[in-house]
Structures are given as C-alpha cells and as structure tokens.
>>> print(open('query06.txt').read())   # compact mmCIF, N, CA, C and O atoms
# COMPACT_ATOMS: atom_id res chain seq x y z
N MET A 1 -42.07 12.24 -3.75
CA MET A 1 -41.71 10.92 -4.26
C MET A 1 -42.85 9.96 -3.96
O MET A 1 -43.46 10.02 -2.91
N ASN A 2 -43.06 9.06 -4.86
CA ASN A 2 -44.10 8.07 -4.62
C ASN A 2 -43.48 6.75 -4.16
O ASN A 2 -42.26 6.62 -4.05
N ASN A 3 -44.33 5.76 -3.91
CA ASN A 3 -43.84 4.49 -3.39
C ASN A 3 -42.91 3.77 -4.36
O ASN A 3 -41.99 3.09 -3.95
N LYS A 4 -43.15 3.91 -5.67
CA LYS A 4 -42.28 3.26 -6.65
C LYS A 4 -40.86 3.81 -6.56
O LYS A 4 -39.90 3.07 -6.68
N GLN A 5 -40.71 5.10 -6.35
CA GLN A 5 -39.39 5.69 -6.25
C GLN A 5 -38.68 5.21 -4.98
O GLN A 5 -37.50 4.95 -4.98
N TYR A 6 -39.44 5.11 -3.90
CA TYR A 6 -38.83 4.58 -2.67
C TYR A 6 -38.40 3.13 -2.87
O TYR A 6 -37.33 2.73 -2.44
N ASP A 7 -39.20 2.34 -3.53
CA ASP A 7 -38.84 0.95 -3.78
C ASP A 7 -37.58 0.86 -4.63
O ASP A 7 -36.71 0.05 -4.37
N LEU A 8 -37.46 1.70 -5.62
CA LEU A 8 -36.28 1.70 -6.48
C LEU A 8 -35.04 2.11 -5.68
O LEU A 8 -33.99 1.46 -5.78
N LEU A 9 -35.17 3.15 -4.85
CA LEU A 9 -34.04 3.58 -4.04
C LEU A 9 -33.65 2.49 -3.04
O LEU A 9 -32.46 2.25 -2.80
N ASP A 10 -34.63 1.82 -2.45
CA ASP A 10 -34.34 0.73 -1.52
C ASP A 10 -33.61 -0.41 -2.23
O ASP A 10 -32.64 -0.97 -1.70
N ALA A 11 -34.05 -0.72 -3.45
CA ALA A 11 -33.41 -1.79 -4.21
C ALA A 11 -31.97 -1.42 -4.56
O ALA A 11 -31.05 -2.24 -4.44
N ILE A 12 -31.76 -0.18 -4.97
CA ILE A 12 -30.41 0.28 -5.30
C ILE A 12 -29.52 0.23 -4.06
O ILE A 12 -28.36 -0.19 -4.13
N THR A 13 -30.06 0.63 -2.93
CA THR A 13 -29.30 0.61 -1.68
C THR A 13 -28.90 -0.82 -1.32
O THR A 13 -27.75 -1.07 -0.93
N MET A 14 -29.82 -1.75 -1.45
CA MET A 14 -29.52 -3.14 -1.12
C MET A 14 -28.47 -3.73 -2.07
O MET A 14 -27.55 -4.41 -1.62
N VAL A 15 -28.61 -3.46 -3.35
CA VAL A 15 -27.62 -3.96 -4.32
C VAL A 15 -26.25 -3.37 -4.02
O VAL A 15 -25.24 -4.07 -4.03
N SER A 16 -26.21 -2.09 -3.71
CA SER A 16 -24.95 -1.44 -3.39
C SER A 16 -24.32 -2.06 -2.14
O SER A 16 -23.11 -2.30 -2.09
N PHE A 17 -25.14 -2.33 -1.14
CA PHE A 17 -24.65 -2.95 0.09
C PHE A 17 -24.08 -4.34 -0.18
O PHE A 17 -22.99 -4.69 0.29
N ILE A 18 -24.79 -5.13 -0.99
CA ILE A 18 -24.33 -6.49 -1.30
C ILE A 18 -23.03 -6.45 -2.11
O ILE A 18 -22.10 -7.22 -1.84
N VAL A 19 -22.95 -5.56 -3.07
CA VAL A 19 -21.71 -5.42 -3.85
C VAL A 19 -20.56 -5.02 -2.94
O VAL A 19 -19.44 -5.53 -3.06
N GLY A 20 -20.83 -4.13 -2.00
CA GLY A 20 -19.80 -3.74 -1.03
C GLY A 20 -19.31 -4.91 -0.21
O GLY A 20 -18.12 -5.06 0.04
N LEU A 21 -20.25 -5.76 0.23
CA LEU A 21 -19.86 -6.95 0.99
C LEU A 21 -19.03 -7.90 0.15
O LEU A 21 -18.04 -8.47 0.63
N LEU A 22 -19.43 -8.09 -1.11
CA LEU A 22 -18.68 -9.00 -1.99
C LEU A 22 -17.28 -8.47 -2.27
O LEU A 22 -16.35 -9.26 -2.44
N ASN A 23 -17.11 -7.17 -2.31
CA ASN A 23 -15.79 -6.57 -2.58
C ASN A 23 -14.95 -6.41 -1.32
O ASN A 23 -13.78 -6.07 -1.41
N TYR A 24 -15.53 -6.65 -0.15
CA TYR A 24 -14.79 -6.44 1.10
C TYR A 24 -13.52 -7.28 1.14
O TYR A 24 -12.46 -6.79 1.48
N GLY A 25 -13.63 -8.56 0.78
CA GLY A 25 -12.45 -9.43 0.80
C GLY A 25 -11.36 -8.93 -0.12
O GLY A 25 -10.19 -8.97 0.20
N GLU A 26 -11.74 -8.45 -1.29
CA GLU A 26 -10.76 -7.92 -2.24
C GLU A 26 -10.10 -6.67 -1.67
O GLU A 26 -8.89 -6.49 -1.81
N ASN A 27 -10.86 -5.82 -1.03
CA ASN A 27 -10.30 -4.60 -0.44
C ASN A 27 -9.33 -4.93 0.68
O ASN A 27 -8.29 -4.30 0.81
N VAL A 28 -9.65 -5.93 1.48
CA VAL A 28 -8.73 -6.35 2.54
C VAL A 28 -7.45 -6.88 1.92
O VAL A 28 -6.36 -6.59 2.37
N ASP A 29 -7.58 -7.67 0.84
CA ASP A 29 -6.39 -8.20 0.18
C ASP A 29 -5.53 -7.08 -0.40
O ASP A 29 -4.32 -7.13 -0.33
N GLN A 30 -6.15 -6.05 -0.95
CA GLN A 30 -5.39 -4.93 -1.48
C GLN A 30 -4.65 -4.21 -0.36
O GLN A 30 -3.51 -3.78 -0.55
N THR A 31 -5.26 -4.09 0.80
CA THR A 31 -4.60 -3.47 1.94
C THR A 31 -3.40 -4.30 2.37
O THR A 31 -2.32 -3.76 2.64
N THR A 32 -3.57 -5.60 2.40
CA THR A 32 -2.47 -6.49 2.78
C THR A 32 -1.32 -6.39 1.78
O THR A 32 -0.15 -6.30 2.17
N ILE A 33 -1.66 -6.37 0.50
CA ILE A 33 -0.63 -6.24 -0.54
C ILE A 33 0.08 -4.89 -0.41
O ILE A 33 1.30 -4.82 -0.51
N ASN A 34 -0.68 -3.84 -0.17
CA ASN A 34 -0.09 -2.51 -0.01
C ASN A 34 0.88 -2.49 1.17
O ASN A 34 1.98 -1.94 1.06
N ASN A 35 0.50 -3.10 2.28
CA ASN A 35 1.38 -3.15 3.45
C ASN A 35 2.64 -3.96 3.16
O ASN A 35 3.74 -3.58 3.59
N THR A 36 2.49 -5.05 2.42
CA THR A 36 3.64 -5.88 2.08
C THR A 36 4.61 -5.13 1.18
O THR A 36 5.83 -5.15 1.39
N VAL A 37 4.07 -4.44 0.18
CA VAL A 37 4.92 -3.66 -0.73
C VAL A 37 5.61 -2.54 0.04
O VAL A 37 6.82 -2.29 -0.16
N GLN A 38 4.90 -1.87 0.92
CA GLN A 38 5.51 -0.79 1.71
C GLN A 38 6.63 -1.32 2.58
O GLN A 38 7.69 -0.70 2.69
N SER A 39 6.42 -2.49 3.16
CA SER A 39 7.47 -3.10 3.98
C SER A 39 8.68 -3.45 3.13
O SER A 39 9.83 -3.23 3.56
N ALA A 40 8.46 -3.97 1.94
CA ALA A 40 9.58 -4.30 1.05
C ALA A 40 10.34 -3.06 0.64
O ALA A 40 11.59 -3.06 0.61
N VAL A 41 9.63 -1.98 0.35
CA VAL A 41 10.28 -0.72 -0.02
C VAL A 41 11.14 -0.21 1.13
O VAL A 41 12.28 0.25 0.93
N GLU A 42 10.62 -0.30 2.35
CA GLU A 42 11.40 0.14 3.51
C GLU A 42 12.65 -0.72 3.70
O GLU A 42 13.72 -0.20 4.01
N ASP A 43 12.52 -2.05 3.50
CA ASP A 43 13.68 -2.94 3.61
C ASP A 43 14.73 -2.59 2.57
O ASP A 43 15.93 -2.55 2.87
N ILE A 44 14.29 -2.34 1.34
CA ILE A 44 15.23 -1.97 0.27
C ILE A 44 15.91 -0.65 0.60
O ILE A 44 17.13 -0.51 0.44
N HIS A 45 15.15 0.32 1.10
CA HIS A 45 15.73 1.61 1.46
C HIS A 45 16.78 1.44 2.55
O HIS A 45 17.87 2.03 2.47
N ASP A 46 16.46 0.63 3.56
CA ASP A 46 17.43 0.39 4.65
C ASP A 46 18.69 -0.27 4.11
O ASP A 46 19.81 0.11 4.48
N HIS A 47 18.51 -1.26 3.24
CA HIS A 47 19.67 -1.96 2.67
C HIS A 47 20.54 -1.01 1.85
O HIS A 47 21.77 -1.02 1.96
N LEU A 48 19.91 -0.17 1.03
CA LEU A 48 20.67 0.77 0.22
C LEU A 48 21.39 1.80 1.10
O LEU A 48 22.51 2.22 0.78
N SER A 49 20.77 2.19 2.18
CA SER A 49 21.43 3.13 3.11
C SER A 49 22.67 2.50 3.72
O SER A 49 23.72 3.14 3.84
N GLU A 50 22.57 1.22 4.09
CA GLU A 50 23.73 0.51 4.64
C GLU A 50 24.84 0.41 3.60
O GLU A 50 26.02 0.61 3.92
N GLN A 51 24.47 0.09 2.36
CA GLN A 51 25.47 -0.01 1.29
C GLN A 51 26.13 1.33 1.03
O GLN A 51 27.32 1.40 0.79
N ASP A 52 25.34 2.40 1.10
CA ASP A 52 25.88 3.74 0.89
C ASP A 52 26.91 4.07 1.97
O ASP A 52 27.98 4.63 1.68
N GLU A 53 26.61 3.71 3.22
CA GLU A 53 27.56 3.95 4.31
C GLU A 53 28.85 3.16 4.08
O GLU A 53 29.96 3.68 4.30
N LYS A 54 28.73 1.93 3.64
CA LYS A 54 29.91 1.10 3.40
C LYS A 54 30.76 1.68 2.27
O LYS A 54 31.99 1.72 2.37
N ILE A 55 30.11 2.12 1.20
CA ILE A 55 30.84 2.71 0.08
C ILE A 55 31.55 3.98 0.53
O ILE A 55 32.70 4.23 0.15
N THR A 56 30.89 4.79 1.35
CA THR A 56 31.50 6.02 1.85
C THR A 56 32.75 5.70 2.67
O THR A 56 33.79 6.36 2.53
N LYS A 57 32.67 4.67 3.51
CA LYS A 57 33.83 4.27 4.33
C LYS A 57 34.97 3.78 3.45
O LYS A 57 36.14 4.09 3.69
N ILE A 58 34.65 3.01 2.42
CA ILE A 58 35.69 2.51 1.50
C ILE A 58 36.35 3.68 0.78
O ILE A 58 37.59 3.73 0.66
N LEU A 59 35.54 4.63 0.32
CA LEU A 59 36.11 5.80 -0.36
C LEU A 59 37.00 6.61 0.57
O LEU A 59 38.06 7.10 0.16
N GLN A 60 36.61 6.73 1.83
CA GLN A 60 37.43 7.46 2.79
C GLN A 60 38.77 6.74 3.01
O GLN A 60 39.82 7.38 3.09
N LEU A 61 38.71 5.42 3.11
CA LEU A 61 39.95 4.66 3.28
C LEU A 61 40.86 4.81 2.07
O LEU A 61 42.08 4.96 2.22
N LEU A 62 40.31 4.78 0.88
CA LEU A 62 41.10 4.95 -0.34
C LEU A 62 41.73 6.34 -0.42
O LEU A 62 42.86 6.50 -0.84
N GLU A 63 40.98 7.35 -0.02
CA GLU A 63 41.50 8.72 -0.03
C GLU A 63 42.59 8.91 1.01
O GLU A 63 43.56 9.63 0.78
N ASP A 64 42.44 8.25 2.16
CA ASP A 64 43.44 8.35 3.23
C ASP A 64 44.76 7.69 2.82
O ASP A 64 45.83 8.11 3.28
N GLU A 65 44.71 6.69 1.95
CA GLU A 65 45.91 6.00 1.52
C GLU A 65 46.73 6.82 0.53
O GLU A 65 47.89 6.57 0.32
N LYS A 66 46.12 7.81 -0.11
CA LYS A 66 46.83 8.63 -1.11
C LYS A 66 47.85 9.50 -0.49
O LYS A 66 48.05 10.04 0.39
>>> encode(input="query06.txt", output="structure tokens")
Amino acid sequence: MNNKQYDLLDAITMVSFIVGLLNYGENVDQTTINNTVQSAVEDIHDHLSEQDEKITKILQLLEDEK
C-alpha cells in the first residue's frame, strides 16, 4: 500500500468514528425506548395474569353454585 491508500483509510476511519459519535445519542434513545416498551409489556402480562386468576375464581364459584 502506498501513502495515498493509508490517507484514504485514515479518512474513512475518522468519518466512521464521527458518524458513530453523532449516532450515539440516537442509539441511547433506542435503548431507552426498548426498555420502556419491555417494561410496559411486562406490566400488561402481569395485569392479564391477575385478570385470568380472577376469571378462574369466578368460574369456580359459578360451577360450585350448580
């Protein structure tokens, strides 16, 4: 490789590094959004599990009355 190729590779490396830095904030935001969505999914799952238990108890009471 000659000096021109090294200069080109150095320039590409620097541009890549700068683009990575500029995208860092967006990547952090995506992680935060992902964590928030995961937390919401877990809350919904817990709520549905509680509702399922309540429905099961109601059905048992109705069957016991027969």
>>> atom_distance(input="query06.txt", atom1="atom C of Leu48 in chain A", atom2="atom O of Lys66 in chain A")
27.9 Å
>>> atom_distance(input="query06.txt", atom1="CA of Ile55 in chain A", atom2="CA of Val41 in chain A")
20.8 Å
>>> atom_distance(input="query06.txt", atom1="CA of Val15 in chain A", atom2="CA of Asn34 in chain A")
27.9 Å
